[in-house]
Structure formats: structure tokens, C-alpha cells
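Peer 1: The following block contains the structure, expressed as C-alpha cells.
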Amino acid sequence: MKPPVAKKLPRDVGAHGDKRIDDYFWLRERDDPEVIRHLKAENEYTSAVMKDTETLQKKLYQELLGRIQETDQSVPERNGEFFYYIRTEAGQQYPVHCRRRGGLEAREEVLLDENELAAQDGYLHVGVCRISPDHRLTAYSVDTQGSESYTLFIKDLETGSLIDDPIPNTYYGVQWTNDSQSILYNVLDDAKRPHKLYRHRLGTPVGSDALIYQEKDEAYYLTVSKTKSRRFILVILSSNTTTEVRYLDADRPDGPLEVIHSRRRDMEYYVTHRGSEFFILTNDGAKNFRVMKAPVSDPSRANWTEVIPHQKTVKVDEIEAFRDHLVVYERENGLKKLRILNLVNGNSHHVRLPEQLGTIWSAENLEFNTDVIRVNYTSLVTPRSVIDYNMNTRAQELKKVYPVLGGYDPDDYVSERIFVGAAGGARIPMTLVYRKGLVRDGSNPLLLYGYGAYGASVEPFFLSNRLSLLDRGFVYAIAHIRGGGELGRDWYEQGKLLHKRNSFTDFVACADHLIKKRYTSAGNIAIYGGSAGGLLVGVMLNTRSSLVRAAIAHVPFVDVISTMMDETIPLTQIEYEEWGNPREKKYYEYMRSYSPYDNVKAQGYPHMLVTAGFNDPRVQYWEPAKWVAKLRAVKTDDNLLLLRVKTAEGHTGASGRYDYLRDVAFEYAFLLRCFGISE
């Protein structure tokens with residue numbers, strides 16, 4: 001079967017005197033039957049090419065499934081007299097939200113069965129599931145398209161019936177007031193930006209809901225949270241570089257919305273509460289952030305006092321306040337640390353972690369008046385573990401290790417951290433995992449992953465799926481490149497705007513180093529990335545494709561200029577602070593120098609699998625579709641080039657856990673085929 005050929009309809013889309021012609025601009029017309037026909041043809045071609053791997057796909061799927069405890073349950077978390085948890089059942093795609101009143105042996109109450117919600121749709125994502133303070137109601141939201149526009153429902157947990165009308169077009173910000181009679185929720189504008197905050201009082205028409213706040217600056221998002229103390233509802237107004245926090249007394253839903261500190265360009269701050277004070281995490285005068293406190297009676301900037309000073313080599317990622325303690329998540333030398341500050345006596349200590357090369361994050365921790373916090377821990381070789389930690393005695397209680405079936409033994413695998421020299425004297429951390437006994441003779445297949453954007457840190461999470469590659473001889477490597485947040489805020493700033501090319505050269509430097517140190521060899525590397533990580537993949541394919549045998553690009557952001565010049569597309573305006581505004585010549589020319597779509601050229605490219613979600617609001621489906629069309633017309637090799645468009649999904653792919661595993665099996669079968677690894 002021949003690959004689809006997209007027709008060329010040249011259009012001048014240049015700027016600043018640049019005659020930039022886009023032959024495939026027409027693929028943006030999602031309602032055009034010709035576009036639908038072309039995407040369908042791409043899917044049919046991909047299925048035909050991969051047909052001879054169907055047996056392998058089925059074997060891989062069973063292998064992946066065989067490691068999972070299909071019927072399982074999370075560790076219950078206490079909230080008042082109830083214990084809340086989620087569970088899964090064999091054969092069901094989605095979790096069931098449950099609780100027990102009074103004790104773990106009490107009768108189970110099912111709050112929300114996502115499988116019932118998904119019965120009529122091929123896609124389901126529950127955005128929020130918020131229990132009212134009196135535990136009688138739940139507010140939950142559902143997206144059945146992958147568009148990240150949610151319909152909000154309110155359910156009476158005593159009768160099981162829905163009350164009031166559904167509220168459409170909401171986002172993730174939903175919070176109850178303390179009287180359990182009102183909910184606050186945010187809604188989206190035409191560009192999918194959460195911009196308005198409404199209050200709905202139970203029993204009243206949705207059309208009469210009160211508008212609490214509207215954010216008119218299109219570079220800002222509006223989100224909503226509630227302090228763990230349950231005293232305040234916080235309205236967070238944020239761009240990529242600036243925040244402003246407003247607060248509402250949760251006991252007075254009709255009261256005023258007060259501002260803590262009016263927005264100031266490039267100043268970020270985040271707020272939590274305890275007693276008579278707000279605790280504030282801020283980069284004001286502290287690139288890697290410091291912790292301040294301010295009186296609730298007047299939290300203006302003039303009244304902030306320092307609690308934890310700025311540290312040049314340690315970034316504070318997050319703070320969480322409890323009755324007597326402040327929990328501080330830090331990052332040093334690329335690794336997460338957990339610090340406990342006793343607010344009664346002022347003592348401070350770090351929590352001892354099981355391994356150096358692991359990561360830790362907070363569980364939901366529904367209780368404020370407690371000395372015990374629950375955290376999750378994992379590493380590249382250690383499955384997710386749930387730990388209760390006593391902040392006074394420092395005692396740790398292991399509550400659960402999520403099982404890996406099939407006889408998994410972590411001692412059969414090795415993880416390590418190495419550093420790579422890169423441009424400008426930077427030292428790039430890389431985290432590796434492989435099967436014990438690996439011989440570094442250059443013959444090993446290797447999968448290199450990277451992201452490197454938005455200051456996001458790639459954590460060394462355990463994935464049981466990855467074992468299917470490691471057990472077939474693969475090395476798995478994470479490149480913690482500039483643009484991420486692993487080494488502090490400066491690390492992020494060195495990989496954004498007019499420094500973005502550092503992310504790409506760092507990624508290539510990591511590949512070169514792995515070859516030099518004989519973990520693998522040129523042409524024996526697969527690269528993988530999604531969204532902004534797909535940009536990373538695209539640039540490397542244009543510049544150093546000879547190193548790569550295969551590439552997987554998930555919903556890749558590859559048409560940088562066209563996207564960033566279209567303000568009607570979701571995210572565009574808020575993204576100017578990440579990529580720059582191409583209406584300014586310096587940013588246009590810089591983007592033009594690396595944008596993967598604009599730099600496709602007549603050369604050989606490795607085997608490629610590209611995915612897209614037709615309902616994706618973050619990276620529109622036409623970016624990967626246009627990229628593949630242009631590659632087909634220009635590249636000089638006969639290697640595989642496959643586009644897989646999920647017509648009923650969005651940015652994150654399949655929503656059901658079994659569907660997700662089938663997608664992983666498909667991708668692994670593609671990789672094994674490209675590397676000639678047979679069963």
C-alpha cells in the first residue's frame with residue numbers, strides 16, 4: 001500500500017519580509033471532507049503497514065497487562081468520619097470512587113463509577129470529583145471528547161440522583177463553600193482559556209449564577225483552589241511568569257474577593273494558610289524561590305517576613321501547611337527532597353528517602369489537623385510506594401507498594417545518574433535504567449526521552465511497561481535538558497525564548513555522550529517525546545538524524561511559527577512568555593531557525609511514528625498532520641513514516657487503562673520492528 005499524498009495548496013504565511021510558503025495550511029480545515037478523507041487515509045496506511053506486527057502487539061499487550069494488579073485499591077485517606085479511596089476491577093477501563101463511614105470495615109458507598117459514565121462514549125476523563133464539606137454531595141466534571149472542556153454535575157450521595165442543571169464549558173477549578181450550599185467554578189473562553197469565576201447556589205438556575213471575577217488579560221489563566229485549613233478559597237491568576245492571588249472567606253461566599261499582592265511582571269507567588277498567617281512561596285528577590293509569611297489581617301507585600309531564605313543551589317518547588325508543620329518540597333542537584341519545618345518549635349529536618357535517585361510527591365492529605373502526612377515514592381527501579389510519615393517522631397510506615405506481577409525483582413535492574421558536558425559549559429544530568437549485566441559494547445538499543453520546557457522536571461518514575469523494553473536489551477535514558485526545572489530556575493531560563501536552542505543541543509549532546517561511553521552506538525538510538533518534547537524530537541531529526549534509528553513523536557508541537565502567530569488557538573497568547581511572539585522580528589527569525597516543520601529538508605530521516613488527537617486543544621491535530629505531509633514530499637529515504645490520528649481523543653491519548661496499554665503495545669511493536677528485534 002502506498003502512503004497517502006497530501007495535495008499542495010501554496011499559501012504565503014511569512015512575516016517580516018520572509019517569503020514563507022505553507023503548502024499544507026489547508027489541513028487546518030477540520031470540517032473539510034477532504035481533510036477528513038486524508039486523515040482517514042493516513043490511519044488506514046498506518047494500520048496496513050503495522051498489520052504484520054499484530055501478533056507481536058497482542059503478545060506485548062498481554063505482557064503489559066500481566067504485570068498489573070487489575071483488581072486493586074488505593075490506600076484509603078481519612079476525611080472527617082469517612083475514609084475515601086478509589087478502586088479498579090478486572091475488565092473495567094475506569095476507576096470507581098468509594099468511601100466507608102467510621103472505619104475500614106464499614107459498608108462501602110460508591111460515590112462515582114466512571115465506567116457507568118463512560119458507557120455511551122469512547123473517551124472519558126473526569127476533571128474533578130469534589131466532596132462537599134458536609135459529605136452529602138459531590139461535584140464532578142466530565143469530558144467525553146478530549147477537548148478539556150468539562151460539563152459539571154452535582155450529585156446527591158444519599159439518593160444517588162443529580163440535582164440542578166449541568167454546567168457546561170467548565171475547567172478544573174471547582175470548589176465548595178463551607179456551608180455546602182454553593183460551588184465556585186471557572187469557565188473557558190473561545191480560546192479554551194479559563195477566564196471567568198462563577199458562584200452557583202444550590203437550587204437556583206445556572207443562568208442566574210453570580211459572576212465573581214473575570215480575567216480580561218488574555219495572557220492569564222484563572223484557577224481556583226482551597227486551603228487545606230478550609231478557611232479560604234484562592235483565586236490564582238497566572239501567566240507563565242507572573243501570578244496574582246485573591247482570596248475569599250469560605251464561610252462567606254457572598255463576601256469580598258481580596259487581593260494579597262497585585263500582579264507585578266515576572267513576580268510569582270503561591271499561597272497556603274495556617275491560623276492567623278498566610279505562608280507564601282515566591283521568587284520575589286529569590287530566583288529559586290523562598291518562603292515568606294504574612295498576617296491574614298493584612299497580607300500585603302509590606303507585611304511579608306521571611307521564613308525560609310533563598311538558596312542558590314536549592315529550588316523550593318512547593319509548600320503545604322498543616323496545623324503544626326510546613327511541608328517543603330525542594331530540589332537540589334536535580335533530585336527532589338522533602339523538608340519538614342515544625343512551626344511550633346522552629347526545628348527543621350529532611351525526610352530520609354529510600355534511594356538517592358528517586359522522587360517523592362504528596363498524596364491528597366485531606367486532614368489539616370494531623371502530624372502524619374502521606375507521600376508517594378518511586379524510582380526507575382522501585383514501584384510506587386505509599387508512605388505515612390510522622391512529622392514529629394520521624395517514623396515511616398509503608399502503607400502499600402503497588403504490585404508488579406510476573407516475578408519482578410528490582411535487583412535485576414540498575415539505575416544511575418550521569419552528567420554530560422554541553423554548550424556553554426553546562427553539565428546535563430541524565431538518568432538511566434537498564435537490566436543488570438548490561439555490557440557497554442555499543443551494541444545495545446537505547447530509548448532516549450526528553451521534554452525540556454516550561455520549567456517542568458522529568459521525574460524518575462517507575463513504569464512497569466518499560467520492562468518490556470529493558471528485558472529485550474534496551475537502555476532507557478532521560479535527558480534532563482535545559483528548559484526543564486531540574487537544576488533550578490536558571491536551568492529553565494537557559495532553555496526558553498531566545499535560549500531555546502540550548503534544549504536541542506543538550507539533547508544531541510546526551511545522545512553523543514551515550515555513544516561515546518558505549519551504552520549504544522550511532523544508528524542504534526530511538527528518541528521519544530510528546531508535545532513540547534515532540535518539538536525536541538523534530539529538531540533532532542532535522543539536525544542529527546544519522547544518530548537515530550527510530551523516533552516516536554506524540555502530539556508534537558512542530559509548526560511553531562504558524563501556531564504562535566494565530567491568537568485564536570488555545571494557549572497562544574499565554575505562550576509568548578515561553579517561546580516569544582513571532583510578530584516581533586527577533587523572535588520570528590529565531591523560531592524560523594529551529595521550527596521542525598519549517599526546516600524539513602531533502603535528506604534521510606529515520607523510521608518515524610507520529611500521533612495526533614483530533615480534539616487536542618493544546619497541540620492541534622494539523623501540526624503533526626502537516627509535518628508528516630511535508631516529510632513525505634521531501635525526505636529521500638524509504639524508512640517508515642506513520643501518522644496515527646485518534647479521532648475521538650485529545651492531548652493525553654486514550655482514557656481507558658486497557659486502551660492505553662494497547663497503544664503502548666502498538667508503539668513498542670513499532671520500535672521492535674525498527675530494531676529488528678524478533679520474538
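Letters A, B, ... mark the chains of the C-alpha cells in the order given; residue numbers begin at 1 per chain; ligand numbers begin at 1, in order shown.
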Considering only strand (DSSP E) as DSSP defines it on the backbone, what residues of stretch 260-413 of chain A qualify? List them as a PyMOL selection string.
Peer 2: chain A and resi 269-274+277-282+290-295+305-308+314-321+325-332+335-342+348-350+358-362+372-379+385-390+396-401+413
Peer 1: Would you mind writing down, as a CSV table (one decimal) with C-alpha atoms, in the first residue's frame, each residue of stretch 548-640 of chain A that DSSP on the backbone assigns to helix (DSSP H, G or I)?
Peer 2:
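So selection31.csv came out as:
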```
chain,number,residue,atom,x,y,z
A,560,VAL,CA,5.9,26.7,15.8
A,561,ILE,CA,5.5,29.9,13.8
A,562,SER,CA,2.0,29.3,12.4
A,563,THR,CA,0.8,28.3,15.8
A,564,MET,CA,2.3,31.2,17.6
A,573,GLN,CA,-1.0,34.3,23.9
A,574,ILE,CA,0.0,32.8,27.3
A,575,GLU,CA,2.8,31.0,25.4
A,576,TYR,CA,4.5,34.2,24.3
A,577,GLU,CA,6.4,34.2,27.6
A,578,GLU,CA,7.7,30.7,26.8
A,579,TRP,CA,8.6,30.9,23.1
A,585,LYS,CA,11.2,40.1,14.2
A,586,LYS,CA,13.8,38.8,16.6
A,587,TYR,CA,11.5,36.0,17.8
A,588,TYR,CA,10.2,35.2,14.4
A,589,GLU,CA,13.7,34.7,13.0
A,590,TYR,CA,14.8,32.7,16.0
A,591,MET,CA,11.8,30.4,15.7
A,592,ARG,CA,12.3,30.1,12.0
A,593,SER,CA,15.8,28.8,12.6
A,594,TYR,CA,14.5,25.7,14.6
A,597,TYR,CA,8.0,22.0,10.1
A,598,ASP,CA,9.8,24.9,8.6
A,599,ASN,CA,13.2,23.1,8.5
A,622,TRP,CA,-2.9,19.7,12.0
A,623,GLU,CA,0.6,20.3,13.3
A,624,PRO,CA,1.6,16.6,13.1
A,625,ALA,CA,-0.5,16.1,10.0
A,626,LYS,CA,1.2,18.9,8.1
A,627,TRP,CA,4.6,17.8,9.3
A,628,VAL,CA,4.1,14.3,8.1
A,629,ALA,CA,2.7,15.5,4.8
A,630,LYS,CA,5.8,17.7,4.2
A,631,LEU,CA,8.2,15.0,5.2
A,632,ARG,CA,6.6,12.5,2.8
A,633,ALA,CA,7.1,15.0,0.0
A,634,VAL,CA,10.7,15.9,0.8
```
Peer 1: Identify which of the residues A:Leu257, A:Tyr329, A:Thr520, A:Asp251 lies closest to A:Val291, counting only C-alpha atoms when measuring atom-to-atom distances.
Peer 2: A:Tyr329
Peer 1: Could you check which of A:Thr370, A:Asn502, A:Gln93, A:Asn392 is closest to A:Asn347, using only C-alpha atoms?
Peer 2: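 The answer is A:Asn392, which sits nearest to A:Asn347.
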Peer 1: Using only C-alpha atoms, what does the table of stretch 487-525 of chain A residues within 10 Å of stretch 541-544 of chain A look like, with each row giving the shortest atom pair and its distance in Å to one decimal, sorted by chain and ascending number, as a Markdown table?
Peer 2:
```
| residue | atom | partner | partner_atom | distance |
| --- | --- | --- | --- | --- |
| A:Phe504 | CA | A:Thr543 | CA | 9.5 |
| A:Thr505 | CA | A:Thr543 | CA | 9.6 |
| A:Val508 | CA | A:Arg544 | CA | 7.5 |
| A:Ala511 | CA | A:Arg544 | CA | 9.9 |
```
Peer 1: Taking C-alpha atoms for each residue, export the selection above as a PDB file, in the first residue's frame.
Peer 2:
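result.pdb, freshly written:
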```
ATOM      1  CA  PHE A 504      18.030  20.906  21.418  1.00  0.00           C
ATOM      2  CA  THR A 505      21.827  20.942  21.570  1.00  0.00           C
ATOM      3  CA  VAL A 508      22.017  15.870  20.991  1.00  0.00           C
ATOM      4  CA  ALA A 511      22.985  11.156  22.569  1.00  0.00           C
TER       5      ALA A 511
END
```
Peer 1: Grab the atom CA of A:Leu341 to atom CA of A:Ile308 distance for me, in Å with one decimal place.
Peer 2: 9.5 Å
Peer 1: Given the choices A:Tyr45, A:Arg352, A:Gln603, A:Gly406, which gets closest to A:Ile387 if the distance is worked out from only C-alpha atoms?
Peer 2: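 Under the stated criterion, the closest residue is A:Arg352.
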Peer 1: Got a sec: who's within 9 Å of A:Phe368, counting only C-alpha atoms, leaving out chain neighbours fewer than 3 positions off, as a VMD selection string?
Peer 2: chain A and resid 228 to 230 321 to 323 365 371
Peer 1: Generate a file of the selected residues that holds N, CA and C atoms, formatted as a PDB file, in the first residue's frame.
Peer 2:
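Written file, part.pdb:
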```
ATOM      1  N   LYS A 228      -5.841  23.985  52.679  1.00  0.00           N
ATOM      2  CA  LYS A 228      -6.047  22.746  53.432  1.00  0.00           C
ATOM      3  C   LYS A 228      -6.770  23.010  54.751  1.00  0.00           C
ATOM      4  N   SER A 229      -6.583  24.216  55.280  1.00  0.00           N
ATOM      5  CA  SER A 229      -7.275  24.606  56.510  1.00  0.00           C
ATOM      6  C   SER A 229      -8.769  24.781  56.285  1.00  0.00           C
ATOM      7  N   ARG A 230      -9.182  24.866  55.026  1.00  0.00           N
ATOM      8  CA  ARG A 230     -10.574  25.012  54.589  1.00  0.00           C
ATOM      9  C   ARG A 230     -11.160  26.383  54.922  1.00  0.00           C
ATOM     10  N   ALA A 321       0.866  23.523  54.097  1.00  0.00           N
ATOM     11  CA  ALA A 321       0.745  23.843  55.523  1.00  0.00           C
ATOM     12  C   ALA A 321      -0.218  22.896  56.223  1.00  0.00           C
ATOM     13  N   PHE A 322       0.215  22.439  57.407  1.00  0.00           N
ATOM     14  CA  PHE A 322      -0.637  21.677  58.308  1.00  0.00           C
ATOM     15  C   PHE A 322      -0.731  22.432  59.634  1.00  0.00           C
ATOM     16  N   ARG A 323      -1.453  21.866  60.585  1.00  0.00           N
ATOM     17  CA  ARG A 323      -1.695  22.568  61.854  1.00  0.00           C
ATOM     18  C   ARG A 323      -0.406  23.016  62.527  1.00  0.00           C
ATOM     19  N   ASN A 365      -3.806  14.071  51.231  1.00  0.00           N
ATOM     20  CA  ASN A 365      -3.701  14.611  52.592  1.00  0.00           C
ATOM     21  C   ASN A 365      -4.885  15.514  52.921  1.00  0.00           C
ATOM     22  N   ASP A 371      -0.375  15.223  62.462  1.00  0.00           N
ATOM     23  CA  ASP A 371       1.087  15.208  62.481  1.00  0.00           C
ATOM     24  C   ASP A 371       1.644  14.181  61.493  1.00  0.00           C
TER      25      ASP A 371
END
```
Peer 1: For stretch 217-222 of chain A, work out the shell of residues within 8 Å, counting only C-alpha atoms and skipping chain neighbours fewer than 6 positions away, then give it as a PDB file with N, CA and C atoms, in the first residue's frame.
Peer 2:
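What follows is the written file selection_36.pdb:
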```
ATOM      1  N   ASN A 186     -14.779  27.726  37.358  1.00  0.00           N
ATOM      2  CA  ASN A 186     -14.256  28.577  36.281  1.00  0.00           C
ATOM      3  C   ASN A 186     -14.712  28.045  34.928  1.00  0.00           C
ATOM      4  N   ARG A 193      -9.353  29.253  27.298  1.00  0.00           N
ATOM      5  CA  ARG A 193      -8.655  29.851  28.442  1.00  0.00           C
ATOM      6  C   ARG A 193      -9.646  30.020  29.590  1.00  0.00           C
ATOM      7  N   PRO A 194      -9.382  29.445  30.770  1.00  0.00           N
ATOM      8  CA  PRO A 194     -10.272  29.688  31.909  1.00  0.00           C
ATOM      9  C   PRO A 194     -10.167  31.157  32.331  1.00  0.00           C
ATOM     10  N   HIS A 195     -11.280  31.888  32.219  1.00  0.00           N
ATOM     11  CA  HIS A 195     -11.193  33.333  32.394  1.00  0.00           C
ATOM     12  C   HIS A 195     -12.262  33.924  33.304  1.00  0.00           C
ATOM     13  N   LYS A 196     -13.307  33.170  33.627  1.00  0.00           N
ATOM     14  CA  LYS A 196     -14.359  33.693  34.490  1.00  0.00           C
ATOM     15  C   LYS A 196     -14.593  32.758  35.669  1.00  0.00           C
ATOM     16  N   LEU A 197     -14.936  33.368  36.806  1.00  0.00           N
ATOM     17  CA  LEU A 197     -15.261  32.614  38.009  1.00  0.00           C
ATOM     18  C   LEU A 197     -16.710  32.913  38.389  1.00  0.00           C
ATOM     19  N   VAL A 235      -8.219  32.307  44.447  1.00  0.00           N
ATOM     20  CA  VAL A 235      -8.348  32.516  43.008  1.00  0.00           C
ATOM     21  C   VAL A 235      -6.969  32.913  42.500  1.00  0.00           C
ATOM     22  N   ILE A 236      -6.360  32.048  41.680  1.00  0.00           N
ATOM     23  CA  ILE A 236      -4.989  32.257  41.208  1.00  0.00           C
ATOM     24  C   ILE A 236      -5.045  32.715  39.758  1.00  0.00           C
ATOM     25  N   LEU A 237      -4.489  33.871  39.509  1.00  0.00           N
ATOM     26  CA  LEU A 237      -4.426  34.455  38.170  1.00  0.00           C
ATOM     27  C   LEU A 237      -2.977  34.393  37.740  1.00  0.00           C
ATOM     28  N   SER A 238      -2.691  33.637  36.663  1.00  0.00           N
ATOM     29  CA  SER A 238      -1.289  33.364  36.365  1.00  0.00           C
ATOM     30  C   SER A 238      -1.003  33.373  34.880  1.00  0.00           C
ATOM     31  N   SER A 239       0.132  33.972  34.541  1.00  0.00           N
ATOM     32  CA  SER A 239       0.746  33.804  33.228  1.00  0.00           C
ATOM     33  C   SER A 239       1.917  32.848  33.429  1.00  0.00           C
ATOM     34  N   GLN A 573      -1.464  33.043  23.327  1.00  0.00           N
ATOM     35  CA  GLN A 573      -1.029  34.293  23.938  1.00  0.00           C
ATOM     36  C   GLN A 573      -0.285  34.078  25.255  1.00  0.00           C
ATOM     37  N   ILE A 574      -0.728  33.093  26.021  1.00  0.00           N
ATOM     38  CA  ILE A 574      -0.010  32.831  27.270  1.00  0.00           C
ATOM     39  C   ILE A 574       1.371  32.237  27.003  1.00  0.00           C
ATOM     40  N   GLU A 575       1.547  31.656  25.796  1.00  0.00           N
ATOM     41  CA  GLU A 575       2.810  31.023  25.448  1.00  0.00           C
ATOM     42  C   GLU A 575       3.866  32.009  24.952  1.00  0.00           C
TER      43      GLU A 575
END
```
Peer 1: Provide the atom CA of A:Cys510 to atom CA of A:Leu547 distance in Å, to one decimal place.
Peer 2: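 Atom CA of A:Leu547 lies at a distance of 11.4 Å from atom CA of A:Cys510.
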Peer 1: Separation of atom CA of A:Val245 and atom CA of A:Val259, in Å?
Peer 2: 6.0 Å
Peer 1: Got a sec: who's within 9 Å of A:Arg136, counting only C-alpha atoms, leaving out chain neighbours fewer than 3 positions off, as a list of chain:residue names?
Peer 2: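 The residues that qualify are A:Ile131, A:Ser132, A:Pro133, A:Lys155, A:Asp156, A:Leu157, A:Glu158, A:Ser180.
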